[in-house]
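Novice: Structure file model-v8.csv, CSV, N, CA and C atoms, is pasted below:
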```csv
chain,number,residue,atom,x,y,z
J,1,MET,N,26.0,-8.4,40.8
J,1,MET,CA,26.2,-7.9,39.5
J,1,MET,C,25.5,-8.8,38.4
J,2,LYS,N,25.6,-10.1,38.6
J,2,LYS,CA,25.0,-11.0,37.7
J,2,LYS,C,23.4,-10.8,37.7
J,3,THR,N,22.9,-10.6,38.9
J,3,THR,CA,21.4,-10.4,39.0
J,3,THR,C,21.0,-9.1,38.3
J,4,SER,N,21.7,-8.1,38.4
J,4,SER,CA,21.4,-6.8,37.8
J,4,SER,C,21.5,-6.9,36.3
J,5,VAL,N,22.4,-7.6,35.8
J,5,VAL,CA,22.6,-7.8,34.3
J,5,VAL,C,21.4,-8.6,33.8
J,6,LEU,N,21.0,-9.7,34.5
J,6,LEU,CA,19.8,-10.5,34.1
J,6,LEU,C,18.6,-9.6,34.1
J,7,PHE,N,18.4,-8.8,35.2
J,7,PHE,CA,17.3,-7.9,35.3
J,7,PHE,C,17.2,-7.0,34.1
J,8,LEU,N,18.4,-6.4,33.8
J,8,LEU,CA,18.4,-5.4,32.7
J,8,LEU,C,18.1,-6.1,31.4
J,9,LEU,N,18.6,-7.3,31.1
J,9,LEU,CA,18.3,-8.1,29.9
J,9,LEU,C,16.8,-8.4,29.9
J,10,ALA,N,16.2,-8.7,31.0
J,10,ALA,CA,14.7,-9.0,31.0
J,10,ALA,C,13.9,-7.8,30.6
J,11,ILE,N,14.3,-6.6,31.2
J,11,ILE,CA,13.6,-5.4,30.8
J,11,ILE,C,13.8,-5.0,29.4
J,12,CYS,N,15.0,-5.1,28.8
J,12,CYS,CA,15.3,-4.8,27.4
J,12,CYS,C,14.5,-5.8,26.5
J,13,SER,N,14.5,-7.1,26.8
J,13,SER,CA,13.7,-8.0,25.9
J,13,SER,C,12.2,-7.8,26.0
J,14,THR,N,11.7,-7.4,27.2
J,14,THR,CA,10.3,-7.0,27.3
J,14,THR,C,10.0,-5.8,26.4
J,15,PHE,N,10.9,-4.8,26.5
J,15,PHE,CA,10.7,-3.6,25.7
J,15,PHE,C,10.7,-3.9,24.2
J,16,ILE,N,11.7,-4.7,23.8
J,16,ILE,CA,11.8,-5.0,22.4
J,16,ILE,C,10.6,-5.8,21.9
J,17,SER,N,10.2,-6.8,22.7
J,17,SER,CA,9.0,-7.6,22.2
J,17,SER,C,7.7,-6.8,22.1
J,18,ARG,N,7.6,-5.8,23.0
J,18,ARG,CA,6.4,-5.0,22.9
J,18,ARG,C,6.5,-4.0,21.8
J,19,ALA,N,7.7,-3.6,21.4
J,19,ALA,CA,7.9,-2.7,20.3
J,19,ALA,C,8.0,-3.3,19.0
J,20,GLN,N,7.8,-4.6,18.9
J,20,GLN,CA,7.9,-5.3,17.6
J,20,GLN,C,6.7,-5.0,16.7
J,21,ASP,N,5.6,-4.7,17.3
J,21,ASP,CA,4.4,-4.4,16.5
J,21,ASP,C,4.8,-3.2,15.7
J,22,VAL,N,4.3,-3.2,14.4
J,22,VAL,CA,4.6,-2.1,13.5
J,22,VAL,C,3.3,-1.4,13.3
J,23,ALA,N,3.5,-0.1,13.2
J,23,ALA,CA,2.3,0.7,12.9
J,23,ALA,C,2.5,1.4,11.5
J,24,PHE,N,1.8,0.9,10.6
J,24,PHE,CA,1.9,1.5,9.2
J,24,PHE,C,1.0,2.7,9.2
J,25,SER,N,1.5,3.7,8.6
J,25,SER,CA,0.7,4.9,8.4
J,25,SER,C,0.9,5.5,7.0
J,26,ASN,N,0.0,6.2,6.5
J,26,ASN,CA,0.1,6.9,5.2
J,26,ASN,C,0.4,5.9,4.1
J,27,VAL,N,-0.2,4.7,4.1
J,27,VAL,CA,-0.1,3.8,3.0
J,27,VAL,C,-1.0,4.3,1.9
J,28,SER,N,-0.3,4.6,0.8
J,28,SER,CA,-1.1,5.2,-0.3
J,28,SER,C,-0.5,4.8,-1.7
J,29,LEU,N,-1.4,5.0,-2.7
J,29,LEU,CA,-1.0,4.8,-4.1
J,29,LEU,C,-1.1,6.1,-4.8
J,30,GLN,N,-0.2,6.4,-5.7
J,30,GLN,CA,-0.2,7.5,-6.6
J,30,GLN,C,-0.1,7.1,-8.0
J,31,ASN,N,-0.9,7.7,-8.8
J,31,ASN,CA,-0.9,7.4,-10.3
J,31,ASN,C,-0.8,8.7,-11.0
J,32,SER,N,0.4,9.0,-11.5
J,32,SER,CA,0.6,10.2,-12.3
J,32,SER,C,1.7,10.0,-13.3
J,33,ASN,N,1.5,10.6,-14.5
J,33,ASN,CA,2.4,10.5,-15.6
J,33,ASN,C,2.6,9.0,-16.0
J,34,ASP,N,1.6,8.2,-16.0
J,34,ASP,CA,1.7,6.8,-16.3
J,34,ASP,C,2.6,6.0,-15.4
J,35,ARG,N,2.8,6.5,-14.1
J,35,ARG,CA,3.6,5.8,-13.1
J,35,ARG,C,2.7,5.5,-11.9
J,36,GLU,N,2.8,4.3,-11.4
J,36,GLU,CA,2.1,3.9,-10.2
J,36,GLU,C,3.2,3.7,-9.1
J,37,VAL,N,3.0,4.3,-8.0
J,37,VAL,CA,3.9,4.3,-6.9
J,37,VAL,C,3.1,4.0,-5.6
J,38,ILE,N,3.6,3.0,-4.8
J,38,ILE,CA,3.1,2.8,-3.4
J,38,ILE,C,4.0,3.5,-2.4
J,39,SER,N,3.5,4.2,-1.5
J,39,SER,CA,4.3,4.8,-0.4
J,39,SER,C,3.7,4.4,0.9
J,40,PHE,N,4.6,4.3,1.9
J,40,PHE,CA,4.1,4.0,3.2
J,40,PHE,C,5.2,4.5,4.2
J,41,THR,N,4.7,4.6,5.5
J,41,THR,CA,5.5,5.1,6.6
J,41,THR,C,5.3,4.1,7.7
J,42,THR,N,6.4,3.7,8.4
J,42,THR,CA,6.4,2.9,9.6
J,42,THR,C,6.8,3.8,10.7
J,43,SER,N,6.1,3.6,11.9
J,43,SER,CA,6.4,4.4,13.1
J,43,SER,C,7.7,3.9,13.8
J,44,ARG,N,8.0,2.6,13.6
J,44,ARG,CA,9.2,2.1,14.2
J,44,ARG,C,9.6,0.8,13.5
J,45,GLU,N,10.9,0.4,13.6
J,45,GLU,CA,11.4,-0.7,12.9
J,45,GLU,C,12.3,-1.5,13.8
J,46,ILE,N,11.7,-2.2,14.7
J,46,ILE,CA,12.5,-3.1,15.6
J,46,ILE,C,12.4,-4.5,15.2
J,47,ASN,N,13.5,-5.2,15.0
J,47,ASN,CA,13.6,-6.6,14.5
J,47,ASN,C,12.9,-6.8,13.2
J,48,THR,N,13.1,-5.9,12.3
J,48,THR,CA,12.5,-6.0,11.0
J,48,THR,C,13.5,-6.5,10.0
J,49,ARG,N,13.2,-7.5,9.2
J,49,ARG,CA,14.0,-8.0,8.2
J,49,ARG,C,13.9,-7.2,6.9
J,50,HIS,N,12.6,-7.2,6.4
J,50,HIS,CA,12.3,-6.4,5.2
J,50,HIS,C,10.8,-6.3,5.1
J,51,TYR,N,10.4,-5.6,4.0
J,51,TYR,CA,8.9,-5.5,3.8
J,51,TYR,C,8.6,-6.2,2.5
J,52,ARG,N,7.4,-6.7,2.4
J,52,ARG,CA,6.9,-7.4,1.2
J,52,ARG,C,5.8,-6.5,0.6
J,53,ILE,N,5.9,-6.2,-0.6
J,53,ILE,CA,4.7,-5.5,-1.3
J,53,ILE,C,4.0,-6.6,-2.0
J,54,GLU,N,2.7,-6.7,-1.7
J,54,GLU,CA,1.9,-7.7,-2.2
J,54,GLU,C,0.7,-7.1,-3.0
J,55,ALA,N,0.3,-7.8,-4.1
J,55,ALA,CA,-0.7,-7.3,-4.9
J,55,ALA,C,-1.8,-8.3,-5.3
J,56,SER,N,-3.0,-7.9,-5.6
J,56,SER,CA,-4.1,-8.8,-5.9
J,56,SER,C,-5.1,-8.1,-6.8
J,57,ASN,N,-5.8,-9.0,-7.5
J,57,ASN,CA,-6.9,-8.4,-8.4
J,57,ASN,C,-8.2,-8.7,-7.7
J,58,ASP,N,-8.3,-9.6,-6.7
J,58,ASP,CA,-9.6,-10.0,-6.1
J,58,ASP,C,-9.6,-9.7,-4.6
J,59,ASN,N,-8.6,-9.1,-4.0
J,59,ASN,CA,-8.4,-8.7,-2.6
J,59,ASN,C,-8.5,-10.0,-1.7
J,60,VAL,N,-8.2,-11.2,-2.3
J,60,VAL,CA,-8.2,-12.4,-1.5
J,60,VAL,C,-6.8,-13.1,-1.7
J,61,HIS,N,-6.5,-13.3,-2.9
J,61,HIS,CA,-5.2,-14.0,-3.3
J,61,HIS,C,-4.2,-13.0,-3.7
J,62,TYR,N,-3.1,-12.9,-2.9
J,62,TYR,CA,-2.0,-11.9,-3.1
J,62,TYR,C,-0.8,-12.6,-3.6
J,63,ASP,N,-0.1,-11.8,-4.4
J,63,ASP,CA,1.3,-12.2,-4.9
J,63,ASP,C,2.3,-11.2,-4.4
J,64,VAL,N,3.5,-11.8,-4.0
J,64,VAL,CA,4.6,-10.9,-3.6
J,64,VAL,C,5.2,-10.3,-4.9
J,65,ILE,N,5.1,-9.0,-5.0
J,65,ILE,CA,5.6,-8.4,-6.3
J,65,ILE,C,7.0,-7.7,-6.0
J,66,ALA,N,7.3,-7.5,-4.8
J,66,ALA,CA,8.6,-6.8,-4.5
J,66,ALA,C,9.0,-7.0,-3.0
J,67,THR,N,10.2,-6.9,-2.8
J,67,THR,CA,10.8,-6.9,-1.4
J,67,THR,C,11.6,-5.7,-1.2
J,68,VAL,N,11.3,-5.0,-0.1
J,68,VAL,CA,12.0,-3.7,0.1
J,68,VAL,C,12.8,-3.8,1.4
J,69,ARG,N,14.0,-3.6,1.4
J,69,ARG,CA,14.9,-3.7,2.5
J,69,ARG,C,14.5,-2.6,3.6
J,70,ALA,N,14.5,-3.1,4.8
J,70,ALA,CA,14.3,-2.1,5.9
J,70,ALA,C,15.4,-1.1,6.0
J,71,LYS,N,15.1,0.1,6.3
J,71,LYS,CA,16.2,1.1,6.3
J,71,LYS,C,17.0,1.1,7.6
J,72,CYS,N,16.4,0.7,8.7
J,72,CYS,CA,17.1,0.8,10.0
J,72,CYS,C,16.4,-0.1,11.0
J,73,ASN,N,17.0,-0.3,12.1
J,73,ASN,CA,16.4,-1.1,13.2
J,73,ASN,C,16.3,-0.2,14.4
J,74,GLN,N,15.3,0.7,14.4
J,74,GLN,CA,15.2,1.7,15.4
J,74,GLN,C,13.8,2.1,15.7
J,75,MET,N,13.6,2.9,16.7
J,75,MET,CA,12.2,3.3,17.1
J,75,MET,C,11.7,4.6,16.4
J,76,LEU,N,12.4,5.0,15.3
J,76,LEU,CA,12.0,6.2,14.6
J,76,LEU,C,11.2,5.9,13.3
J,77,PRO,N,10.4,6.8,12.9
J,77,PRO,CA,9.6,6.6,11.6
J,77,PRO,C,10.5,6.5,10.4
J,78,ALA,N,10.1,5.7,9.5
J,78,ALA,CA,10.8,5.6,8.2
J,78,ALA,C,9.8,5.7,7.0
J,79,ASN,N,10.2,6.4,6.0
J,79,ASN,CA,9.3,6.5,4.8
J,79,ASN,C,9.9,5.7,3.7
J,80,TYR,N,8.9,5.1,2.9
J,80,TYR,CA,9.3,4.2,1.8
J,80,TYR,C,8.4,4.5,0.6
J,81,SER,N,8.9,4.3,-0.6
J,81,SER,CA,8.1,4.3,-1.8
J,81,SER,C,8.7,3.4,-2.8
J,82,TYR,N,7.8,2.8,-3.6
J,82,TYR,CA,8.3,1.8,-4.5
J,82,TYR,C,7.5,1.9,-5.8
J,83,ASP,N,8.2,2.0,-6.9
J,83,ASP,CA,7.6,2.1,-8.2
J,83,ASP,C,7.0,0.8,-8.7
J,84,LEU,N,5.7,0.8,-8.9
J,84,LEU,CA,4.9,-0.4,-9.3
J,84,LEU,C,4.8,-0.6,-10.8
J,85,THR,N,5.2,0.4,-11.5
J,85,THR,CA,4.9,0.4,-13.0
J,85,THR,C,5.9,-0.6,-13.7
J,86,PRO,N,5.4,-1.4,-14.6
J,86,PRO,CA,4.0,-1.6,-15.0
J,86,PRO,C,3.3,-2.5,-14.0
J,87,SER,N,2.0,-2.3,-13.8
J,87,SER,CA,1.3,-3.2,-12.9
J,87,SER,C,-0.1,-3.3,-13.3
J,88,ALA,N,-0.6,-4.5,-13.3
J,88,ALA,CA,-2.0,-4.8,-13.8
J,88,ALA,C,-2.9,-5.1,-12.6
J,89,TYR,N,-2.3,-4.9,-11.4
J,89,TYR,CA,-3.1,-5.2,-10.1
J,89,TYR,C,-4.0,-4.1,-9.7
J,90,ILE,N,-4.9,-4.4,-8.8
J,90,ILE,CA,-5.9,-3.4,-8.3
J,90,ILE,C,-5.6,-3.1,-6.8
J,91,TYR,N,-5.4,-4.2,-6.0
J,91,TYR,CA,-5.3,-4.1,-4.6
J,91,TYR,C,-3.8,-4.3,-4.2
J,92,TYR,N,-3.4,-3.5,-3.2
J,92,TYR,CA,-2.0,-3.6,-2.7
J,92,TYR,C,-2.0,-3.6,-1.1
J,93,ARG,N,-1.0,-4.3,-0.6
J,93,ARG,CA,-0.8,-4.2,0.9
J,93,ARG,C,0.7,-4.4,1.1
J,94,VAL,N,1.2,-4.0,2.3
J,94,VAL,CA,2.6,-4.1,2.7
J,94,VAL,C,2.7,-5.1,3.9
J,95,GLY,N,3.6,-6.0,3.8
J,95,GLY,CA,3.8,-6.9,4.9
J,95,GLY,C,5.2,-6.7,5.5
J,96,ARG,N,5.2,-6.7,6.8
J,96,ARG,CA,6.5,-6.5,7.5
J,96,ARG,C,7.0,-7.8,8.0
J,97,VAL,N,8.1,-8.3,7.4
J,97,VAL,CA,8.7,-9.6,7.8
J,97,VAL,C,9.6,-9.4,9.0
J,98,GLU,N,9.2,-10.0,10.1
J,98,GLU,CA,10.0,-9.8,11.4
J,98,GLU,C,11.0,-10.9,11.5
J,99,MET,N,12.0,-10.6,12.4
J,99,MET,CA,13.0,-11.6,12.7
J,99,MET,C,12.5,-12.9,13.2
J,100,ASN,N,11.4,-12.9,13.9
J,100,ASN,CA,10.8,-14.1,14.5
J,100,ASN,C,9.8,-14.8,13.5
J,101,GLY,N,9.7,-14.3,12.3
J,101,GLY,CA,8.9,-14.9,11.3
J,101,GLY,C,7.4,-14.4,11.2
J,102,GLN,N,7.1,-13.5,12.1
J,102,GLN,CA,5.7,-13.0,12.1
J,102,GLN,C,5.6,-12.0,10.9
J,103,LEU,N,4.4,-11.8,10.4
J,103,LEU,CA,4.2,-11.0,9.2
J,103,LEU,C,2.9,-10.1,9.4
J,104,PRO,N,3.0,-9.0,10.1
J,104,PRO,CA,1.8,-8.1,10.2
J,104,PRO,C,1.7,-7.3,8.9
J,105,TYR,N,0.4,-7.0,8.5
J,105,TYR,CA,0.1,-6.3,7.3
J,105,TYR,C,-0.4,-4.9,7.5
J,106,SER,N,-0.2,-4.1,6.5
J,106,SER,CA,-0.8,-2.8,6.5
J,106,SER,C,-2.3,-2.9,6.0
J,107,ALA,N,-3.0,-1.8,6.0
J,107,ALA,CA,-4.3,-1.8,5.4
J,107,ALA,C,-4.2,-2.0,3.9
J,108,VAL,N,-5.2,-2.5,3.3
J,108,VAL,CA,-5.2,-2.7,1.8
J,108,VAL,C,-5.6,-1.4,1.2
J,109,VAL,N,-4.9,-1.1,0.1
J,109,VAL,CA,-5.2,0.1,-0.6
J,109,VAL,C,-5.5,-0.3,-2.1
J,110,LYS,N,-6.4,0.5,-2.7
J,110,LYS,CA,-6.9,0.1,-4.0
J,110,LYS,C,-6.5,1.2,-5.0
J,111,MET,N,-6.0,0.7,-6.2
J,111,MET,CA,-5.6,1.6,-7.2
J,111,MET,C,-6.9,2.0,-8.0
J,112,GLU,N,-7.2,3.2,-8.1
J,112,GLU,CA,-8.4,3.7,-8.8
J,112,GLU,C,-7.9,3.9,-10.3
J,113,ALA,N,-8.9,3.6,-11.2
J,113,ALA,CA,-8.6,3.8,-12.6
J,113,ALA,C,-8.4,5.3,-12.9
J,114,PRO,N,-7.4,5.7,-13.6
J,114,PRO,CA,-7.1,7.1,-13.9
J,114,PRO,C,-8.3,7.7,-14.7
J,115,ALA,N,-8.6,8.9,-14.4
J,115,ALA,CA,-9.7,9.6,-15.1
J,115,ALA,C,-9.3,9.8,-16.6
J,116,LYS,N,-10.2,9.5,-17.5
J,116,LYS,CA,-10.0,9.7,-18.9
J,116,LYS,C,-10.2,11.1,-19.3
J,117,THR,N,-9.3,11.6,-20.0
J,117,THR,CA,-9.4,13.0,-20.4
J,117,THR,C,-9.3,13.2,-21.9
J,118,ASN,N,-9.7,14.3,-22.4
J,118,ASN,CA,-9.7,14.6,-23.9
J,118,ASN,C,-10.4,13.6,-24.7
J,119,GLN,N,-11.5,13.0,-24.2
J,119,GLN,CA,-12.3,12.1,-25.1
J,119,GLN,C,-13.3,12.9,-25.8
J,120,GLN,N,-13.6,12.5,-27.0
J,120,GLN,CA,-14.6,13.2,-27.8
J,120,GLN,C,-15.9,12.6,-27.3
J,121,GLN,N,-16.9,13.4,-27.1
J,121,GLN,CA,-18.2,13.0,-26.8
J,121,GLN,C,-19.0,12.7,-28.1
J,122,GLU,N,-19.6,11.6,-28.1
J,122,GLU,CA,-20.5,11.2,-29.2
J,122,GLU,C,-21.9,11.7,-29.0
J,123,ILE,N,-22.4,12.4,-29.9
J,123,ILE,CA,-23.7,12.9,-29.8
J,123,ILE,C,-24.6,12.1,-30.8
J,124,LYS,N,-25.6,11.5,-30.2
J,124,LYS,CA,-26.5,10.7,-31.0
J,124,LYS,C,-27.8,11.4,-31.2
J,125,PRO,N,-28.3,11.5,-32.4
J,125,PRO,CA,-29.5,12.2,-32.7
J,125,PRO,C,-30.7,11.4,-32.1
J,126,VAL,N,-31.6,12.1,-31.6
J,126,VAL,CA,-32.9,11.5,-31.1
J,126,VAL,C,-34.0,12.1,-31.8
J,127,VAL,N,-34.8,11.2,-32.4
J,127,VAL,CA,-36.0,11.7,-33.2
J,127,VAL,C,-37.2,11.7,-32.3
J,128,GLU,N,-37.8,12.9,-32.2
J,128,GLU,CA,-39.1,13.0,-31.5
J,128,GLU,C,-40.2,13.0,-32.5
J,129,MET,N,-41.1,12.1,-32.3
J,129,MET,CA,-42.2,11.9,-33.2
J,129,MET,C,-43.4,12.8,-32.8
J,130,GLY,N,-44.1,13.2,-33.7
J,130,GLY,CA,-45.3,14.0,-33.5
J,130,GLY,C,-45.8,14.5,-34.8
J,131,ASN,N,-46.5,15.6,-34.9
J,131,ASN,CA,-46.9,16.1,-36.1
J,131,ASN,C,-45.8,16.6,-37.0
J,132,ASN,N,-44.7,17.1,-36.4
J,132,ASN,CA,-43.5,17.6,-37.1
J,132,ASN,C,-42.3,16.8,-36.5
J,133,PRO,N,-41.9,15.7,-37.1
J,133,PRO,CA,-40.7,15.0,-36.6
J,133,PRO,C,-39.5,16.0,-36.6
J,134,THR,N,-38.7,16.0,-35.4
J,134,THR,CA,-37.5,16.8,-35.4
J,134,THR,C,-36.4,16.0,-34.7
J,135,ILE,N,-35.2,16.4,-35.0
J,135,ILE,CA,-34.1,15.7,-34.4
J,135,ILE,C,-33.5,16.6,-33.3
J,136,VAL,N,-33.4,16.0,-32.1
J,136,VAL,CA,-33.0,16.7,-30.9
J,136,VAL,C,-31.8,16.0,-30.4
J,137,ASN,N,-30.7,16.7,-30.1
J,137,ASN,CA,-29.6,16.2,-29.4
J,137,ASN,C,-29.7,16.2,-27.9
J,138,LYS,N,-29.5,15.1,-27.3
J,138,LYS,CA,-29.6,15.1,-25.8
J,138,LYS,C,-28.3,14.6,-25.2
```
Show me this structure written as structure tokens.
Specialist:
Amino acid sequence: MKTSVLFLLAICSTFISRAQDVAFSNVSLQNSNDREVISFTTSREINTRHYRIEASNDNVHYDVIATVRAKCNQMLPANYSYDLTPSAYIYYRVGRVEMNGQLPYSAVVKMEAPAKTNQQQEIKPVVEMGNNPTIVNK
């Protein structure tokens, strides 16, 4: 009986150590109504302490701007979103803090500048020289 319990523990620990890698999917940024939100999905959460949302302006030096508690400790997908507003950063990534101290990261996502709307176009006159100077708008 002791041998079978040890064998079962060895199988379970091997399964858990292989399942510790996290697969981030659908990491995205949304910018609407002056709100910036980062969303991400994990395919599994085994031995996960929490997630770190990190931000950067140069895609090299990152600051931890938020910590998000892991929802569960299971092999099922989990969806997350976090309101970043107000934020002056451009680049974002998510780090998964594991129980053993490892920290795998998601892909880096970049916040695009919102499109400017309702701007007045400035029309500058252009003078064409010749026998009859005329003003032409281009």
Novice: Dig up all the protein and nucleic acid residues within 12 Å of (-7.7, -12.4, -3.5) in the file frame, using only C-alpha atoms, and format them as a ChimeraX atom specification.
Specialist: /J:54-63,89-93,108
Novice: Can you tell me, as a list of chain:residue names, what residues are no more than 9 Å from Met75 of chain J when counting only C-alpha atoms, ignoring any on the same chain fewer than 4 positions away?
Specialist: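 Residues meeting the cut-off are J:Ala19, J:Ser43, J:Arg44, J:Glu45, J:Ile46.
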Novice: Could you take the residues named above and write them with N, CA and C atoms, as an mmCIF file, keeping the file's coordinate frame?
Specialist:
```
data_model
loop_
_atom_site.group_PDB
_atom_site.id
_atom_site.type_symbol
_atom_site.label_atom_id
_atom_site.label_comp_id
_atom_site.auth_asym_id
_atom_site.auth_seq_id
_atom_site.Cartn_x
_atom_site.Cartn_y
_atom_site.Cartn_z
ATOM 1 N N ALA J 19 7.700 -3.600 21.400
ATOM 2 C CA ALA J 19 7.900 -2.700 20.300
ATOM 3 C C ALA J 19 8.000 -3.300 19.000
ATOM 4 N N SER J 43 6.100 3.600 11.900
ATOM 5 C CA SER J 43 6.400 4.400 13.100
ATOM 6 C C SER J 43 7.700 3.900 13.800
ATOM 7 N N ARG J 44 8.000 2.600 13.600
ATOM 8 C CA ARG J 44 9.200 2.100 14.200
ATOM 9 C C ARG J 44 9.600 0.800 13.500
ATOM 10 N N GLU J 45 10.900 0.400 13.600
ATOM 11 C CA GLU J 45 11.400 -0.700 12.900
ATOM 12 C C GLU J 45 12.300 -1.500 13.800
ATOM 13 N N ILE J 46 11.700 -2.200 14.700
ATOM 14 C CA ILE J 46 12.500 -3.100 15.600
ATOM 15 C C ILE J 46 12.400 -4.500 15.200
#
```
Novice: Quick check, in Å to one decimal: how far apart do atom CA of Ala107 of chain J and atom CA of Ala78 of chain J lie?
Specialist: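 Computing it gives 17.0 Å between the two atoms.
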Novice: Got a sec to check which residues sit within 6 Å of (8.0, 4.3, -3.8), counting only C-alpha atoms, and write them as a VMD selection string?
Specialist: chain J and resid 37 to 39 80 to 83
Novice: List the neighbours of Ile53 of chain J out to 7 Å using only C-alpha atoms; skip same-chain residues closer than 2 positions along the sequence, and give me the result as a ChimeraX atom specification.
Specialist: /J:51,55,64-67,93-95
Novice: Env of His50 of chain J: 6.5 Å cut, atoms = all atoms listed in the file, seq-sep filter 4 positions within chain, self excluded. Answer as a ChimeraX atom specification.
Specialist: /J:67-70,95-98
Novice: Closest to Leu84 of chain J among J:Val27, J:Met111, J:Lys71, J:Thr41, using only C-alpha atoms?
Specialist: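 Nearest to Leu84 of chain J: J:Met111.
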Novice: Atom CA of Pro77 of chain J and atom CA of Pro104 of chain J, how far apart in Å?
Specialist: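 The value is 16.7 Å.
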Novice: Just checking: using only C-alpha atoms, which residue out of J:Asn73, J:Asn47, J:Asn100, J:Asn31 ends up closest to Ser87 of chain J?
Specialist: J:Asn31
Novice: Using only C-alpha atoms, which of the listed residues (J:Val109, J:Ala23, J:Leu103, J:Ala88) sits closest to Arg52 of chain J?
Specialist: J:Leu103
Novice: For Thr85 of chain J, which residue among J:Arg35, J:Gln30, J:Gly101, J:Phe24 is the nearest when counting all atoms listed in the file?
Specialist: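 Smallest separation from Thr85 of chain J among the options: J:Arg35.
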Novice: Atom N of Ser106 of chain J and atom CA of Phe40 of chain J are how many Å apart?
Specialist: 9.7 Å
